[in-house]
Number of protein chains: 2
Amino acid sequence: MKLLEDRILKEGTFLPGGIVRVDSFLNHQLDPALLWELGKEFARSFAQDGVTKILTVEASGIAIAVMAGLHLDVPVVFAKKAAASNLGSDDIYTAKVHSFTKNTDCMLNVSSKYISPDDRVLIIDDFLAMGEAVSGLRAIINQAGASLAGVGIAIEKDFQPGGKKLREEGIKLVSLAVVSFDENGDIAFKAYQ
Amino acid sequence: MKLLEDRILKEGTFLPGGIVRVDSFLNHQLDPALLWELGKEFARSFAQDGVTKILTVEASGIAIAVMAGLHLDVPVVFAKKAAASNLGSDDIYTAKVHSFTKNTDCMLNVSSKYISPDDRVLIIDDFLAMGEAVSGLRAIINQAGASLAGVGIAIEKDFQPGGKKLREEGIKLVSLAVVSFDENGDIAFKAYQ
């Protein structure tokens, strides 16, 4: 998606260890008009996939997911990253995930109330790198007995294996910008669709 | 705002200690169409206040704030709740806040890049109870040398002092639903505007 690629080129910063920082429009400051367009593009991409629910992870996934939910007209559920006392005593689906960026483990928690076996779930997230968050969300979808409609990612890091693994499994993956580096170490974008 | 009040009556649950749970549309599952309407109402309420930026707190504030930002056509910044390694080494504004719901302290962090002295900042959050989050966000606005345009809240708890303190200070506070309880302990809504 050229709009997003252009914005990454203009404002993104690239740090050692494969860290891509887009704090000025996606991860700390948010550009609502851009997010609206990303949501519209996800809705267009998954319009024929029978999506009944979107699942994401707090915090950076929420803004993108809610825009996709607006355009697809489906509810959004965000997994909470730690057992919160005000999540109550419902049955909770959980999955442990590792953050390579922060080098920490955390638990994803989703109340069983909000995903049912009838749901066709679209996973939306800001980044896809090692694929840990998506794996955790898929584990939660499996616990619920729901089915996976696909995975929508704003920025995929082509130099890390998360996207490749999903494509090899035959899962429908739509990444709006796939960041790669050419032989000079300059940023380049790939297109998988 | 009747739309929100009706939804609270239909789906909200009320627990001992003044906890109001609206997990089915605001705090865990999100209803994008409802959030769109809340954002529109905030934009209408603050249209004349010269807002240049919206400030909120992760995670539950993000969806409401981004909808308000969409309608007001301004960027949204969300304060991060812990020093994250991928926030980088920028100068960071910080404020300590106490969560009475969770009985924990946490730090709010905002990069100095995203609030400037020229900004007129609208604070948006999902709940107003003791007023801790709003106090922390105001401290950050002060550190930035920016000015406060007002405070927009989805659900204010009238039986806790956060809203009263802001009104006594003369701050423009718009709460879309003000939850109170009548003498029988039944839920009632107040109107301050």
# chains A, B, ... in the order shown; residues from 1 in each chain; ligands from 1
$ interface_residues --of "chain A" --to "chain B" --cutoff "7 Å" --atoms "only C-alpha atoms" --output "MDAnalysis selection string"
chainID A and resid 28:33 58:59 62:63 66 69:70 75:78 85 102 114
$ select_by_dssp --residues "stretch 40-184 of chain A" --states "alpha helix (DSSP H)" --output "PyMOL selection string"
chain A and resi 40-45+60-72+132-144+162-168
$ residues_around --residues "stretch 121-133 of chain B" --least-positions-apart "4" --cutoff "9 Å" --atoms "only C-alpha atoms" --output "ChimeraX atom specification"
/B:26-27,42,46,49-57,60-62,64-65,68,96-100,108,115,137-138,141,146-163,165-166,175
$ write_last_selection --atoms "N, CA and C atoms" --output "short mmCIF file (atom, residue, chain, number, x, y, z; two decimals), in the first residue's frame"
data_model
loop_
_atom_site.label_atom_id
_atom_site.label_comp_id
_atom_site.auth_asym_id
_atom_site.auth_seq_id
_atom_site.Cartn_x
_atom_site.Cartn_y
_atom_site.Cartn_z
N LEU B 26 -16.54 -1.52 25.23
CA LEU B 26 -15.59 -0.42 25.42
C LEU B 26 -14.23 -0.83 25.97
N ASN B 27 -14.17 -1.86 26.79
CA ASN B 27 -12.92 -2.15 27.50
C ASN B 27 -12.24 -3.46 27.15
N PHE B 42 -17.63 13.97 20.66
CA PHE B 42 -16.49 14.74 21.22
C PHE B 42 -16.07 15.84 20.25
N PHE B 46 -16.05 19.87 21.15
CA PHE B 46 -14.80 20.63 21.26
C PHE B 46 -14.42 21.31 19.94
N ASP B 49 -12.73 24.79 20.27
CA ASP B 49 -11.72 24.94 21.31
C ASP B 49 -10.29 24.91 20.80
N GLY B 50 -10.13 24.98 19.50
CA GLY B 50 -8.79 25.10 18.94
C GLY B 50 -7.89 23.90 19.20
N VAL B 51 -8.48 22.72 19.30
CA VAL B 51 -7.70 21.51 19.61
C VAL B 51 -6.70 21.22 18.49
N THR B 52 -5.44 21.02 18.86
CA THR B 52 -4.43 20.63 17.87
C THR B 52 -3.95 19.20 18.08
N LYS B 53 -4.25 18.63 19.25
CA LYS B 53 -3.77 17.27 19.54
C LYS B 53 -4.65 16.63 20.60
N ILE B 54 -4.80 15.32 20.50
CA ILE B 54 -5.52 14.56 21.52
C ILE B 54 -4.52 13.71 22.27
N LEU B 55 -4.68 13.67 23.59
CA LEU B 55 -3.81 12.85 24.44
C LEU B 55 -4.68 11.87 25.22
N THR B 56 -4.28 10.60 25.21
CA THR B 56 -5.00 9.58 25.96
C THR B 56 -3.99 8.63 26.59
N VAL B 57 -4.49 7.58 27.22
CA VAL B 57 -3.64 6.57 27.85
C VAL B 57 -3.95 5.22 27.23
N SER B 60 -7.36 1.25 26.84
CA SER B 60 -8.78 1.44 26.54
C SER B 60 -9.11 2.82 25.99
N GLY B 61 -8.26 3.80 26.24
CA GLY B 61 -8.53 5.13 25.71
C GLY B 61 -8.30 5.27 24.22
N ILE B 62 -7.48 4.38 23.67
CA ILE B 62 -7.00 4.56 22.30
C ILE B 62 -8.12 4.57 21.26
N ILE B 64 -11.35 5.22 21.48
CA ILE B 64 -12.21 6.41 21.55
C ILE B 64 -11.45 7.62 21.04
N ALA B 65 -10.19 7.74 21.47
CA ALA B 65 -9.40 8.92 21.10
C ALA B 65 -9.16 8.97 19.59
N ALA B 68 -12.22 10.27 17.93
CA ALA B 68 -12.33 11.72 18.12
C ALA B 68 -11.33 12.45 17.22
N LYS B 96 3.53 9.94 37.44
CA LYS B 96 3.14 8.73 38.17
C LYS B 96 1.65 8.78 38.48
N VAL B 97 0.95 7.71 38.22
CA VAL B 97 -0.47 7.68 38.55
C VAL B 97 -0.79 6.39 39.31
N HIS B 98 -1.84 6.50 40.12
CA HIS B 98 -2.29 5.35 40.90
C HIS B 98 -3.59 4.83 40.31
N SER B 99 -3.67 3.53 40.08
CA SER B 99 -4.93 2.93 39.66
C SER B 99 -5.63 2.38 40.89
N PHE B 100 -6.78 2.98 41.24
CA PHE B 100 -7.53 2.49 42.39
C PHE B 100 -8.21 1.16 42.07
N LEU B 108 3.17 7.07 33.46
CA LEU B 108 2.75 7.43 32.11
C LEU B 108 3.94 8.08 31.41
N ILE B 115 4.40 16.39 21.80
CA ILE B 115 3.62 17.51 22.34
C ILE B 115 4.54 18.71 22.40
N LEU B 137 -2.00 13.04 32.92
CA LEU B 137 -1.92 13.60 31.57
C LEU B 137 -1.78 15.12 31.61
N ARG B 138 -2.42 15.76 32.58
CA ARG B 138 -2.27 17.21 32.72
C ARG B 138 -0.84 17.56 33.13
N ILE B 141 1.14 17.49 29.99
CA ILE B 141 0.87 18.69 29.19
C ILE B 141 1.62 19.89 29.75
N ALA B 146 2.47 22.98 26.96
CA ALA B 146 1.28 23.09 26.11
C ALA B 146 0.09 23.53 26.95
N SER B 147 -1.03 23.80 26.30
CA SER B 147 -2.22 24.19 27.06
C SER B 147 -3.32 23.14 26.93
N LEU B 148 -4.19 23.13 27.91
CA LEU B 148 -5.27 22.14 27.98
C LEU B 148 -6.52 22.74 27.35
N ALA B 149 -7.02 22.08 26.32
CA ALA B 149 -8.26 22.55 25.68
C ALA B 149 -9.49 22.04 26.41
N GLY B 150 -9.39 20.87 27.02
CA GLY B 150 -10.52 20.31 27.75
C GLY B 150 -10.32 18.83 27.96
N VAL B 151 -11.33 18.23 28.56
CA VAL B 151 -11.28 16.81 28.89
C VAL B 151 -12.57 16.16 28.40
N GLY B 152 -12.44 15.11 27.61
CA GLY B 152 -13.59 14.37 27.11
C GLY B 152 -13.56 12.94 27.63
N ILE B 153 -14.64 12.54 28.28
CA ILE B 153 -14.70 11.24 28.96
C ILE B 153 -15.91 10.47 28.45
N ALA B 154 -15.74 9.18 28.23
CA ALA B 154 -16.91 8.39 27.83
C ALA B 154 -17.83 8.20 29.04
N ILE B 155 -17.29 7.64 30.12
CA ILE B 155 -18.13 7.32 31.28
C ILE B 155 -17.53 7.92 32.54
N GLU B 156 -18.23 8.87 33.12
CA GLU B 156 -17.81 9.45 34.40
C GLU B 156 -18.60 8.79 35.53
N LYS B 157 -17.89 8.49 36.61
CA LYS B 157 -18.56 7.96 37.81
C LYS B 157 -18.82 9.14 38.74
N ASP B 158 -20.09 9.49 38.86
CA ASP B 158 -20.45 10.68 39.62
C ASP B 158 -20.17 10.51 41.11
N PHE B 159 -20.09 9.27 41.56
CA PHE B 159 -19.90 8.99 42.99
C PHE B 159 -18.42 8.96 43.36
N GLN B 160 -17.55 9.33 42.44
CA GLN B 160 -16.12 9.48 42.75
C GLN B 160 -15.71 10.89 42.32
N PRO B 161 -14.66 11.47 42.94
CA PRO B 161 -14.50 12.92 42.90
C PRO B 161 -13.79 13.51 41.68
N GLY B 162 -13.36 12.68 40.73
CA GLY B 162 -12.57 13.22 39.61
C GLY B 162 -13.27 14.32 38.83
N GLY B 163 -14.53 14.10 38.48
CA GLY B 163 -15.25 15.08 37.67
C GLY B 163 -15.50 16.37 38.43
N LYS B 165 -13.78 17.72 40.82
CA LYS B 165 -12.54 18.51 40.94
C LYS B 165 -12.26 19.30 39.66
N LEU B 166 -12.45 18.66 38.52
CA LEU B 166 -12.18 19.36 37.25
C LEU B 166 -13.18 20.50 37.05
N SER B 175 -18.50 14.75 29.66
CA SER B 175 -18.65 13.31 29.92
C SER B 175 -19.89 12.83 29.21
#
$ residues_around --residues "stretch 190-192 of chain A" --least-positions-apart "6" --cutoff "8 Å" --atoms "only C-alpha atoms" --output "list in words"
Asp158, Ala177, Val178, Val179 and Ser180 of chain A
$ select_by_dssp --residues "chain A" --states "strand (DSSP E)" --output "compact mmCIF listing (two decimals) with N, CA, C and O atoms, in the first residue's frame"
# COMPACT_ATOMS: atom_id res chain seq x y z
N THR A 13 12.16 5.21 11.38
CA THR A 13 13.59 5.12 11.66
C THR A 13 13.93 3.65 11.86
O THR A 13 13.10 2.85 12.29
N PHE A 14 15.16 3.32 11.53
CA PHE A 14 15.57 1.93 11.48
C PHE A 14 16.78 1.76 12.39
O PHE A 14 17.80 2.40 12.20
N LEU A 15 16.61 0.91 13.40
CA LEU A 15 17.63 0.76 14.43
C LEU A 15 18.27 -0.62 14.32
O LEU A 15 17.68 -1.55 13.76
N ILE A 19 14.90 -3.25 14.30
CA ILE A 19 13.79 -2.48 14.86
C ILE A 19 13.39 -1.38 13.89
O ILE A 19 14.23 -0.61 13.42
N VAL A 20 12.10 -1.36 13.57
CA VAL A 20 11.54 -0.31 12.72
C VAL A 20 10.64 0.55 13.61
O VAL A 20 9.70 0.05 14.20
N ARG A 21 11.01 1.81 13.73
CA ARG A 21 10.21 2.69 14.60
C ARG A 21 9.31 3.59 13.78
O ARG A 21 9.79 4.35 12.92
N GLN A 29 2.33 8.23 18.60
CA GLN A 29 1.38 9.16 18.01
C GLN A 29 0.65 8.41 16.89
O GLN A 29 1.26 7.60 16.19
N LEU A 30 -0.64 8.68 16.76
CA LEU A 30 -1.46 8.01 15.76
C LEU A 30 -2.02 9.03 14.78
O LEU A 30 -2.46 10.10 15.20
N LYS A 53 -15.52 -11.31 13.39
CA LYS A 53 -14.87 -10.66 14.53
C LYS A 53 -13.40 -10.39 14.22
O LYS A 53 -12.77 -11.16 13.50
N ILE A 54 -12.91 -9.30 14.77
CA ILE A 54 -11.48 -8.98 14.65
C ILE A 54 -10.84 -9.17 16.02
O ILE A 54 -11.40 -8.78 17.04
N LEU A 55 -9.66 -9.77 16.00
CA LEU A 55 -8.90 -9.97 17.24
C LEU A 55 -7.54 -9.30 17.10
O LEU A 55 -6.85 -9.47 16.09
N THR A 56 -7.16 -8.51 18.10
CA THR A 56 -5.86 -7.86 18.09
C THR A 56 -5.27 -7.91 19.51
O THR A 56 -5.81 -8.57 20.39
N VAL A 57 -4.12 -7.24 19.68
CA VAL A 57 -3.46 -7.19 20.99
C VAL A 57 -3.33 -5.73 21.39
O VAL A 57 -3.01 -4.87 20.57
N VAL A 76 -14.56 -5.74 17.53
CA VAL A 76 -13.12 -5.93 17.71
C VAL A 76 -12.88 -6.38 19.15
O VAL A 76 -13.45 -5.80 20.08
N VAL A 77 -12.06 -7.40 19.32
CA VAL A 77 -11.66 -7.81 20.67
C VAL A 77 -10.16 -7.61 20.78
O VAL A 77 -9.42 -7.99 19.87
N PHE A 78 -9.71 -6.96 21.85
CA PHE A 78 -8.27 -6.88 22.02
C PHE A 78 -7.83 -7.73 23.20
O PHE A 78 -8.41 -7.69 24.28
N ALA A 79 -6.81 -8.56 22.96
CA ALA A 79 -6.23 -9.38 24.01
C ALA A 79 -5.51 -8.48 24.99
O ALA A 79 -4.81 -7.56 24.60
N ILE A 92 -11.28 -17.46 30.84
CA ILE A 92 -10.37 -16.67 30.02
C ILE A 92 -9.50 -17.60 29.18
O ILE A 92 -8.95 -18.58 29.68
N TYR A 93 -9.40 -17.29 27.90
CA TYR A 93 -8.44 -17.98 27.04
C TYR A 93 -7.10 -17.28 27.18
O TYR A 93 -7.03 -16.06 27.20
N THR A 94 -6.03 -18.05 27.29
CA THR A 94 -4.71 -17.44 27.48
C THR A 94 -3.69 -18.05 26.55
O THR A 94 -3.81 -19.21 26.13
N ALA A 95 -2.67 -17.29 26.25
CA ALA A 95 -1.53 -17.79 25.48
C ALA A 95 -0.30 -17.01 25.91
O ALA A 95 -0.36 -15.80 26.13
N LYS A 96 0.80 -17.71 26.04
CA LYS A 96 2.05 -17.06 26.40
C LYS A 96 2.80 -16.65 25.14
O LYS A 96 2.92 -17.45 24.22
N VAL A 97 3.26 -15.42 25.10
CA VAL A 97 4.04 -14.98 23.94
C VAL A 97 5.32 -14.29 24.41
O VAL A 97 5.38 -13.73 25.50
N HIS A 98 6.31 -14.38 23.54
CA HIS A 98 7.59 -13.75 23.83
C HIS A 98 7.75 -12.52 22.95
O HIS A 98 7.49 -12.57 21.75
N SER A 99 8.13 -11.41 23.56
CA SER A 99 8.46 -10.22 22.78
C SER A 99 9.96 -10.18 22.58
O SER A 99 10.73 -10.02 23.54
N THR A 104 10.90 -9.99 26.73
CA THR A 104 10.08 -10.38 27.87
C THR A 104 9.00 -11.34 27.40
O THR A 104 8.63 -11.35 26.22
N ASP A 105 8.51 -12.14 28.33
CA ASP A 105 7.34 -12.97 28.06
C ASP A 105 6.11 -12.27 28.62
O ASP A 105 6.21 -11.56 29.62
N CYS A 106 4.99 -12.46 27.98
CA CYS A 106 3.75 -12.01 28.60
C CYS A 106 2.62 -12.93 28.23
O CYS A 106 2.72 -13.75 27.31
N MET A 107 1.53 -12.83 28.97
CA MET A 107 0.35 -13.63 28.71
C MET A 107 -0.66 -12.77 27.96
O MET A 107 -0.88 -11.61 28.30
N LEU A 108 -1.26 -13.34 26.92
CA LEU A 108 -2.41 -12.72 26.28
C LEU A 108 -3.67 -13.33 26.89
O LEU A 108 -3.76 -14.55 27.02
N ASN A 109 -4.60 -12.49 27.23
CA ASN A 109 -5.85 -12.95 27.86
C ASN A 109 -7.05 -12.44 27.08
O ASN A 109 -7.14 -11.25 26.78
N VAL A 110 -7.96 -13.35 26.78
CA VAL A 110 -9.22 -12.97 26.13
C VAL A 110 -10.36 -13.68 26.84
O VAL A 110 -10.33 -14.90 27.02
N SER A 111 -11.36 -12.93 27.24
CA SER A 111 -12.53 -13.52 27.89
C SER A 111 -13.25 -14.44 26.91
O SER A 111 -13.44 -14.09 25.73
N ARG A 120 -15.69 -16.39 12.71
CA ARG A 120 -14.58 -16.40 11.75
C ARG A 120 -13.76 -15.16 12.07
O ARG A 120 -14.21 -14.03 11.86
N VAL A 121 -12.58 -15.39 12.57
CA VAL A 121 -11.81 -14.32 13.20
C VAL A 121 -10.69 -13.83 12.28
O VAL A 121 -9.90 -14.61 11.76
N LEU A 122 -10.65 -12.51 12.12
CA LEU A 122 -9.55 -11.86 11.41
C LEU A 122 -8.60 -11.28 12.46
O LEU A 122 -9.00 -10.47 13.29
N ILE A 123 -7.34 -11.72 12.41
CA ILE A 123 -6.31 -11.17 13.29
C ILE A 123 -5.74 -9.92 12.64
O ILE A 123 -5.37 -9.94 11.46
N ILE A 124 -5.69 -8.83 13.40
CA ILE A 124 -5.08 -7.58 12.91
C ILE A 124 -3.99 -7.17 13.89
O ILE A 124 -4.19 -7.22 15.10
N ASP A 125 -2.83 -6.78 13.37
CA ASP A 125 -1.80 -6.26 14.26
C ASP A 125 -0.95 -5.22 13.53
O ASP A 125 -0.98 -5.15 12.30
N ASP A 126 -0.21 -4.45 14.31
CA ASP A 126 0.60 -3.39 13.69
C ASP A 126 1.83 -3.97 13.00
O ASP A 126 2.15 -3.62 11.87
N PHE A 127 2.53 -4.89 13.67
CA PHE A 127 3.77 -5.46 13.14
C PHE A 127 3.70 -6.98 13.06
O PHE A 127 3.08 -7.63 13.90
N LEU A 128 4.39 -7.53 12.08
CA LEU A 128 4.64 -8.97 12.04
C LEU A 128 6.14 -9.15 11.87
O LEU A 128 6.72 -8.72 10.87
N SER A 147 -12.80 -20.22 13.95
CA SER A 147 -11.91 -20.41 12.80
C SER A 147 -11.21 -19.11 12.42
O SER A 147 -11.68 -18.02 12.73
N LEU A 148 -10.10 -19.28 11.77
CA LEU A 148 -9.26 -18.14 11.38
C LEU A 148 -9.61 -17.72 9.95
O LEU A 148 -9.46 -18.51 9.02
N ALA A 149 -10.04 -16.47 9.80
CA ALA A 149 -10.35 -15.97 8.45
C ALA A 149 -9.10 -15.48 7.74
O ALA A 149 -9.01 -15.55 6.51
N GLY A 150 -8.14 -14.98 8.51
CA GLY A 150 -6.92 -14.48 7.90
C GLY A 150 -6.18 -13.58 8.87
O GLY A 150 -6.60 -13.41 10.02
N VAL A 151 -5.09 -13.04 8.39
CA VAL A 151 -4.23 -12.18 9.21
C VAL A 151 -3.94 -10.90 8.42
O VAL A 151 -3.46 -10.97 7.28
N GLY A 152 -4.22 -9.75 9.02
CA GLY A 152 -3.95 -8.46 8.40
C GLY A 152 -2.92 -7.70 9.22
O GLY A 152 -3.10 -7.50 10.42
N ILE A 153 -1.84 -7.30 8.58
CA ILE A 153 -0.70 -6.68 9.27
C ILE A 153 -0.41 -5.33 8.62
O ILE A 153 -0.42 -5.21 7.40
N ALA A 154 -0.13 -4.32 9.42
CA ALA A 154 0.27 -3.05 8.82
C ALA A 154 1.68 -3.18 8.24
O ALA A 154 1.89 -2.96 7.05
N ILE A 155 2.65 -3.54 9.08
CA ILE A 155 4.05 -3.57 8.64
C ILE A 155 4.66 -4.94 8.93
O ILE A 155 4.83 -5.33 10.08
N GLU A 156 4.99 -5.66 7.87
CA GLU A 156 5.69 -6.95 8.02
C GLU A 156 7.18 -6.73 7.80
O GLU A 156 7.59 -6.01 6.89
N LYS A 157 7.98 -7.36 8.64
CA LYS A 157 9.43 -7.34 8.46
C LYS A 157 9.83 -8.60 7.69
O LYS A 157 9.80 -9.70 8.23
N LEU A 173 -2.63 -14.01 4.37
CA LEU A 173 -1.92 -12.95 5.06
C LEU A 173 -1.87 -11.72 4.17
O LEU A 173 -1.40 -11.81 3.03
N VAL A 174 -2.36 -10.62 4.67
CA VAL A 174 -2.29 -9.35 3.94
C VAL A 174 -1.46 -8.37 4.76
O VAL A 174 -1.88 -7.96 5.86
N SER A 175 -0.28 -8.06 4.27
CA SER A 175 0.60 -7.08 4.92
C SER A 175 0.61 -5.83 4.05
O SER A 175 0.95 -5.90 2.87
N LEU A 176 0.24 -4.71 4.63
CA LEU A 176 0.08 -3.49 3.82
C LEU A 176 1.43 -2.90 3.41
O LEU A 176 1.52 -2.22 2.40
N ALA A 177 2.46 -3.16 4.20
CA ALA A 177 3.83 -2.78 3.80
C ALA A 177 4.76 -3.89 4.27
O ALA A 177 4.72 -4.28 5.44
N VAL A 178 5.56 -4.41 3.36
CA VAL A 178 6.53 -5.46 3.70
C VAL A 178 7.92 -4.85 3.59
O VAL A 178 8.41 -4.59 2.49
N VAL A 179 8.53 -4.63 4.73
CA VAL A 179 9.83 -3.95 4.78
C VAL A 179 10.95 -4.96 4.57
O VAL A 179 11.02 -5.99 5.26
N SER A 180 11.81 -4.64 3.65
CA SER A 180 12.97 -5.47 3.37
C SER A 180 14.16 -4.53 3.19
O SER A 180 14.01 -3.32 3.17
N PHE A 181 15.35 -5.11 3.11
CA PHE A 181 16.53 -4.29 2.86
C PHE A 181 17.26 -4.84 1.64
O PHE A 181 17.39 -6.06 1.49
N ILE A 187 16.39 0.51 2.54
CA ILE A 187 15.06 -0.05 2.68
C ILE A 187 14.42 -0.27 1.31
O ILE A 187 14.60 0.53 0.38
N ALA A 188 13.72 -1.40 1.20
CA ALA A 188 12.99 -1.73 -0.03
C ALA A 188 11.69 -2.37 0.41
O ALA A 188 11.61 -2.95 1.48
N PHE A 189 10.67 -2.28 -0.42
CA PHE A 189 9.40 -2.91 -0.07
C PHE A 189 9.14 -4.09 -1.00
O PHE A 189 9.42 -4.02 -2.20
N LYS A 190 8.61 -5.15 -0.45
CA LYS A 190 8.25 -6.32 -1.24
C LYS A 190 6.74 -6.35 -1.45
O LYS A 190 5.99 -5.78 -0.67
$ atom_distance --atom1 "atom CA of B:Ser116" --atom2 "atom CA of B:Val134"
18.4 Å
$ atom_distance --atom1 "atom CA of A:Gln48" --atom2 "atom CA of A:Ile140"
23.2 Å
$ atom_distance --atom1 "atom CA of A:Gly136" --atom2 "atom CA of A:Asp118"
19.6 Å
$ closest_residue --among "B:Ile8, B:Ala82, B:Val22, B:Met1" --to "B:Ser45" --atoms "only C-alpha atoms"
B:Met1
